[in-house]
Structure formats: C-alpha cells, structure tokens
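J.: Quick one: the structure is below, and I'll ask about it shortly.
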Amino acid sequence: RPLTTLMPPATIGYKAYDAYPAGPNGNIEKAKELLAGRTPELVLGAADDAEGQETATQLKSNLEKAGFKITVRNIPTDAKLDETKKKDNPWDLYIDQWAADWPSGAAILPVLFDGRSIKAEGNSNTSYFNDDSLNAEFDRVLALDPAAQVSEWGKLDERIMREYAPAVPLYVDVAHFVHGSKVGGLFVSSVFGWPSFVNAYVKQ
C-alpha cells in the first residue's frame, strides 16, 4: 500500500503523517510549480528483472509528467544490491527496500540515515545522507530506555522527512497469510512478519 512515512505502520512508535500531501495520484501541477520551468536530468538505475522494469517505467513516466528528464539504466538484478550499496555509484535515483530486523524505529531510522556508518561499499544508508544534528538525535534516542524510545521514533521519522527528505517513501509490502481450519498453533511472528511454524500442529 502507498506509504508517506519512513517507518511502516507495523513499527512500534509509528506516527502517521504526510509531509508533502499530493493525494493518491500525485500533484503534477504543484510539481511543475516547484520546478519553475527547470527540467532536471536524472539517471534512474533499475534492476533488469520484470519488477524492476515495471517500477522504473512508472517512475519515469510520472517524473517526466512533472518536467524531469529521466534516463533509465539497467542494472543486472543479481548485482543491483551490491552496486547501489557502493557510495560512488553512478545513479541519481534507484529503488531500495528495507526489512527491519525487529519492528522498532531503532532498526530502521539510524540504520538507514546515520551518516557515520557510510563506507565505500556495503552500505545500508543508501541515500548517503549525513547530518551531525540528526546523528546526535540517534544517539540521544538510542540511549533512552526502550519504552521511552517508542514515541521518539515517530517524531524523528517526521523530522527527517520534513527537514531533509533524503528518500522518497513509495509503498510497503502487505502480505495475507491463509491456512486451513485444521492447522493449529500457527501465528504470524511480530518479529519476522512471517508465519511461525514452531508450534504448528494438525488438529485431530
């Protein structure tokens, strides 16, 4: 489903907000107004598989309606993850995704936006964003008791987008899991977001 925040709704501490409201289909006229006649030329790196190409086609079309000039350059799917994690990669835009190790802002915001973690390659901070005041905020919040961190992550999420917008949230994957009525002990793990079969059994 469409997303306007950096943290998905299932995250502990999630705060709903829309820093740049444009409706469900975008606001082309407002985008043109902000560009003020300029036609920025950007290179979009896209995986060469079906999903990557479909997403790139949509992004190119929508951005060009607003006045951008987009050149799509394909990246071999099996190399995309490594290539976009290199600090000096050759693309202006590319699709990235993140699945947190546990449902907390601590496993999302500092991992993706603390600039002190940036290295030559193998980066999780693939926007290569680095701001001293924000890095200090990460330290402050992480030093709090976990319960006290909860509301702070939502505030920080909104601050990052309103003041810096280092990334453009697009969507969050939503999965529906179905099982038969004779299966017991099955539940969706709040940690992994996937069915846990540890206690699964067949009902007699």
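Residue names in the structure tokens use chain letters A, B, ... in the order shown, residue numbers from 1 in each chain, and ligand numbers from 1 in the order shown.
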For A:Ala66, please output as a count of residues only all residues within 12 Å (counting only C-alpha atoms; exclusion window: fewer than 3 positions along the same chain).

T.: 22

J.: Please identify which residues in chain A DSSP calls helix (DSSP H, G or I) from the backbone, and express them as a PyMOL selection string.

T.: chain A and resi 28-35+50-66+77-84+105-107+109-113+115-117+132-142+146-163

J.: Hey, which bits of stretch 23-60 of chain A sit within 12 Å of stretch 91-115 of chain A, and for each residue what's the closest pair of atoms and how far apart in Å (one decimal), counting only C-alpha atoms, rows by chain and increasing number, as JSON lines?

T.:
{"residue": "A:Pro40", "atom": "CA", "partner": "A:Asp92", "partner_atom": "CA", "distance": 10.9}
{"residue": "A:Glu41", "atom": "CA", "partner": "A:Asp92", "partner_atom": "CA", "distance": 9.3}
{"residue": "A:Leu42", "atom": "CA", "partner": "A:Asp92", "partner_atom": "CA", "distance": 5.8}
{"residue": "A:Val43", "atom": "CA", "partner": "A:Asp92", "partner_atom": "CA", "distance": 5.2}
{"residue": "A:Leu44", "atom": "CA", "partner": "A:Leu93", "partner_atom": "CA", "distance": 4.7}
{"residue": "A:Gly45", "atom": "CA", "partner": "A:Tyr94", "partner_atom": "CA", "distance": 4.9}
{"residue": "A:Ala46", "atom": "CA", "partner": "A:Tyr94", "partner_atom": "CA", "distance": 6.2}
{"residue": "A:Ala47", "atom": "CA", "partner": "A:Ile95", "partner_atom": "CA", "distance": 8.6}
{"residue": "A:Glu51", "atom": "CA", "partner": "A:Ile95", "partner_atom": "CA", "distance": 10.9}
{"residue": "A:Gly52", "atom": "CA", "partner": "A:Ile95", "partner_atom": "CA", "distance": 8.3}
{"residue": "A:Gln53", "atom": "CA", "partner": "A:Ile95", "partner_atom": "CA", "distance": 10.9}
{"residue": "A:Glu54", "atom": "CA", "partner": "A:Ile95", "partner_atom": "CA", "distance": 11.7}
{"residue": "A:Thr55", "atom": "CA", "partner": "A:Ile95", "partner_atom": "CA", "distance": 8.5}
{"residue": "A:Ala56", "atom": "CA", "partner": "A:Ile95", "partner_atom": "CA", "distance": 8.5}
{"residue": "A:Leu59", "atom": "CA", "partner": "A:Ile95", "partner_atom": "CA", "distance": 10.0}
{"residue": "A:Lys60", "atom": "CA", "partner": "A:Leu93", "partner_atom": "CA", "distance": 10.6}

J.: Given the selection you just returned, output its residues as a file containing all heavy atoms, formatted as an mmCIF file, in the first residue's frame.

T.:
data_model
loop_
_atom_site.group_PDB
_atom_site.id
_atom_site.type_symbol
_atom_site.label_atom_id
_atom_site.label_comp_id
_atom_site.auth_asym_id
_atom_site.auth_seq_id
_atom_site.Cartn_x
_atom_site.Cartn_y
_atom_site.Cartn_z
ATOM 1 N N PRO A 40 15.242 19.149 -14.734
ATOM 2 C CA PRO A 40 16.395 18.389 -14.230
ATOM 3 C C PRO A 40 16.538 17.053 -14.947
ATOM 4 O O PRO A 40 15.556 16.355 -15.179
ATOM 5 C CB PRO A 40 16.059 18.183 -12.749
ATOM 6 C CG PRO A 40 15.051 19.233 -12.425
ATOM 7 C CD PRO A 40 14.266 19.438 -13.674
ATOM 8 N N GLU A 41 17.776 16.717 -15.302
ATOM 9 C CA GLU A 41 18.051 15.447 -15.958
ATOM 10 C C GLU A 41 18.650 14.484 -14.934
ATOM 11 O O GLU A 41 19.684 14.772 -14.339
ATOM 12 C CB GLU A 41 19.012 15.651 -17.132
ATOM 13 C CG GLU A 41 18.428 16.535 -18.231
ATOM 14 C CD GLU A 41 19.329 16.636 -19.445
ATOM 15 O OE1 GLU A 41 20.162 15.724 -19.647
ATOM 16 O OE2 GLU A 41 19.187 17.623 -20.194
ATOM 17 N N LEU A 42 17.974 13.368 -14.734
ATOM 18 C CA LEU A 42 18.389 12.400 -13.724
ATOM 19 C C LEU A 42 18.499 11.012 -14.325
ATOM 20 O O LEU A 42 17.769 10.662 -15.248
ATOM 21 C CB LEU A 42 17.384 12.375 -12.565
ATOM 22 C CG LEU A 42 17.159 13.692 -11.806
ATOM 23 C CD1 LEU A 42 16.024 13.535 -10.807
ATOM 24 C CD2 LEU A 42 18.430 14.136 -11.111
ATOM 25 N N VAL A 43 19.423 10.234 -13.782
ATOM 26 C CA VAL A 43 19.601 8.844 -14.220
ATOM 27 C C VAL A 43 18.995 7.930 -13.161
ATOM 28 O O VAL A 43 19.342 8.008 -11.982
ATOM 29 C CB VAL A 43 21.093 8.511 -14.424
ATOM 30 C CG1 VAL A 43 21.256 7.031 -14.773
ATOM 31 C CG2 VAL A 43 21.685 9.391 -15.518
ATOM 32 N N LEU A 44 18.090 7.077 -13.598
ATOM 33 C CA LEU A 44 17.413 6.138 -12.715
ATOM 34 C C LEU A 44 17.981 4.743 -12.941
ATOM 35 O O LEU A 44 17.890 4.195 -14.038
ATOM 36 C CB LEU A 44 15.911 6.138 -12.997
ATOM 37 C CG LEU A 44 15.065 5.051 -12.329
ATOM 38 C CD1 LEU A 44 15.117 5.171 -10.805
ATOM 39 C CD2 LEU A 44 13.621 5.123 -12.825
ATOM 40 N N GLY A 45 18.603 4.169 -11.916
ATOM 41 C CA GLY A 45 19.111 2.804 -12.004
ATOM 42 C C GLY A 45 18.007 1.827 -11.658
ATOM 43 O O GLY A 45 17.310 2.002 -10.656
ATOM 44 N N ALA A 46 17.818 0.823 -12.495
ATOM 45 C CA ALA A 46 16.728 -0.127 -12.276
ATOM 46 C C ALA A 46 17.183 -1.551 -12.527
ATOM 47 O O ALA A 46 17.936 -1.817 -13.474
ATOM 48 C CB ALA A 46 15.552 0.199 -13.199
ATOM 49 N N ALA A 47 16.730 -2.465 -11.697
ATOM 50 C CA ALA A 47 17.029 -3.880 -11.905
ATOM 51 C C ALA A 47 16.436 -4.330 -13.237
ATOM 52 O O ALA A 47 15.376 -3.852 -13.646
ATOM 53 C CB ALA A 47 16.450 -4.715 -10.768
ATOM 54 N N GLU A 51 9.969 -6.912 -12.312
ATOM 55 C CA GLU A 51 9.502 -5.967 -11.298
ATOM 56 C C GLU A 51 10.265 -4.648 -11.377
ATOM 57 O O GLU A 51 9.683 -3.569 -11.317
ATOM 58 C CB GLU A 51 9.662 -6.569 -9.898
ATOM 59 C CG GLU A 51 9.168 -5.660 -8.787
ATOM 60 C CD GLU A 51 9.322 -6.267 -7.408
ATOM 61 O OE1 GLU A 51 9.787 -7.421 -7.311
ATOM 62 O OE2 GLU A 51 8.990 -5.580 -6.424
ATOM 63 N N GLY A 52 11.584 -4.734 -11.533
ATOM 64 C CA GLY A 52 12.405 -3.531 -11.627
ATOM 65 C C GLY A 52 12.041 -2.690 -12.836
ATOM 66 O O GLY A 52 11.969 -1.451 -12.759
ATOM 67 N N GLN A 53 11.787 -3.341 -13.958
ATOM 68 C CA GLN A 53 11.443 -2.621 -15.180
ATOM 69 C C GLN A 53 10.061 -1.981 -15.091
ATOM 70 O O GLN A 53 9.845 -0.864 -15.563
ATOM 71 C CB GLN A 53 11.518 -3.563 -16.379
ATOM 72 C CG GLN A 53 12.933 -4.033 -16.696
ATOM 73 C CD GLN A 53 13.863 -2.875 -17.036
ATOM 74 O OE1 GLN A 53 13.677 -2.208 -18.046
ATOM 75 N NE2 GLN A 53 14.848 -2.627 -16.193
ATOM 76 N N GLU A 54 9.131 -2.694 -14.469
ATOM 77 C CA GLU A 54 7.783 -2.134 -14.314
ATOM 78 C C GLU A 54 7.814 -0.892 -13.427
ATOM 79 O O GLU A 54 7.205 0.135 -13.749
ATOM 80 C CB GLU A 54 6.853 -3.180 -13.706
ATOM 81 C CG GLU A 54 5.426 -2.685 -13.532
ATOM 82 C CD GLU A 54 4.494 -3.725 -12.932
ATOM 83 O OE1 GLU A 54 4.956 -4.856 -12.697
ATOM 84 O OE2 GLU A 54 3.316 -3.400 -12.712
ATOM 85 N N THR A 55 8.544 -0.969 -12.323
ATOM 86 C CA THR A 55 8.642 0.170 -11.417
ATOM 87 C C THR A 55 9.349 1.341 -12.090
ATOM 88 O O THR A 55 8.914 2.494 -11.972
ATOM 89 C CB THR A 55 9.405 -0.228 -10.135
ATOM 90 O OG1 THR A 55 8.763 -1.349 -9.537
ATOM 91 C CG2 THR A 55 9.431 0.925 -9.143
ATOM 92 N N ALA A 56 10.424 1.059 -12.810
ATOM 93 C CA ALA A 56 11.169 2.116 -13.498
ATOM 94 C C ALA A 56 10.309 2.814 -14.541
ATOM 95 O O ALA A 56 10.352 4.040 -14.686
ATOM 96 C CB ALA A 56 12.417 1.529 -14.157
ATOM 97 N N LEU A 59 7.914 5.142 -12.678
ATOM 98 C CA LEU A 59 8.603 6.312 -12.133
ATOM 99 C C LEU A 59 9.020 7.284 -13.237
ATOM 100 O O LEU A 59 8.843 8.495 -13.108
ATOM 101 C CB LEU A 59 9.826 5.871 -11.334
ATOM 102 C CG LEU A 59 9.548 5.198 -9.995
ATOM 103 C CD1 LEU A 59 10.847 4.718 -9.363
ATOM 104 C CD2 LEU A 59 8.832 6.151 -9.054
ATOM 105 N N LYS A 60 9.572 6.762 -14.308
ATOM 106 C CA LYS A 60 9.988 7.608 -15.428
ATOM 107 C C LYS A 60 8.796 8.395 -15.978
ATOM 108 O O LYS A 60 8.876 9.618 -16.160
ATOM 109 C CB LYS A 60 10.607 6.748 -16.528
ATOM 110 C CG LYS A 60 10.978 7.521 -17.806
ATOM 111 C CD LYS A 60 11.591 6.578 -18.830
ATOM 112 C CE LYS A 60 11.752 7.250 -20.193
ATOM 113 N NZ LYS A 60 12.753 8.336 -20.163
#

J.: Env of stretch 193-200 of chain A: 9 Å cut, atoms = only C-alpha atoms, seq-sep filter 2 positions within chain, self excluded. Answer as a ChimeraX atom specification.

T.: /A:103,175,177,183-191,202

J.: Assign secondary structure with DSSP using the backbone only, and return the residues of stretch 18-197 of chain A in strand (DSSP E or B) as a count of residues only.

T.: 24

J.: Write out as an MDAnalysis selection string which residues come within 10 Å of A:Leu142 when counting only C-alpha atoms, dropping same-chain ones fewer than 3 positions away.

T.: chainID A and resid 105:106 110 136:139 145:146 148:149 152:153

J.: Where does stretch 36-86 of chain A meet stretch 123-129 of chain A within 7 Å, residue by residue, with the nearest atom pair and distance in Å to one decimal for each, counting only C-alpha atoms, listed by chain and rising number, as a tab-separated table?

T.:
residue	atom	partner	partner_atom	distance
A:Thr84	CA	A:Thr126	CA	6.9
A:Lys85	CA	A:Asn123	CA	4.8
A:Lys86	CA	A:Asn123	CA	6.7

J.: Which value, in Å to one decimal, gives the distance between atom CA of A:Ala10 and atom CA of A:Asp82?

T.: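 Between these atoms lies a distance of 27.6 Å.
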
J.: Give me, please, the distance in Å between atom CA of A:Ala50 and atom CA of A:Pro166, quoted to one decimal.

T.: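 Atom CA of A:Pro166 lies 26.5 Å from atom CA of A:Ala50.
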
J.: In terms of the shortest atom-to-atom distance over only C-alpha atoms, which of A:Pro8, A:Gly122, A:Gly67, A:Gly13 is closest to A:Glu83?

T.: A:Gly122

J.: So that I can see what lies close to A:Gly23, please list as a list in words the residues with an atom at most 12 Å from it, counting only C-alpha atoms and leaving out residues fewer than 6 positions away in the same chain.

T.: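 Counting only C-alpha atoms, the residues come to Pro2, Leu3, Thr4 and Lys30 of chain A.
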
J.: Could you pull the residues within 8 Å of stretch 19-21 of chain A, counting only C-alpha atoms, minus those fewer than 5 positions along the same chain, as a short mmCIF file (atom, residue, chain, number, x, y, z; two decimals) with N, CA and C atoms, in the first residue's frame?

T.:
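result-v6.cif, written as the output of this step:
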data_model
loop_
_atom_site.label_atom_id
_atom_site.label_comp_id
_atom_site.auth_asym_id
_atom_site.auth_seq_id
_atom_site.Cartn_x
_atom_site.Cartn_y
_atom_site.Cartn_z
N THR A 4 3.73 7.21 3.12
CA THR A 4 4.25 8.60 3.15
C THR A 4 5.24 8.78 4.29
N GLU A 158 9.20 11.91 11.22
CA GLU A 158 8.60 13.09 10.60
C GLU A 158 9.62 14.21 10.42
N MET A 161 11.81 13.62 7.30
CA MET A 161 11.14 13.90 6.03
C MET A 161 10.84 15.38 5.84
N ARG A 162 10.41 16.06 6.88
CA ARG A 162 10.06 17.48 6.73
C ARG A 162 11.30 18.36 6.53
#
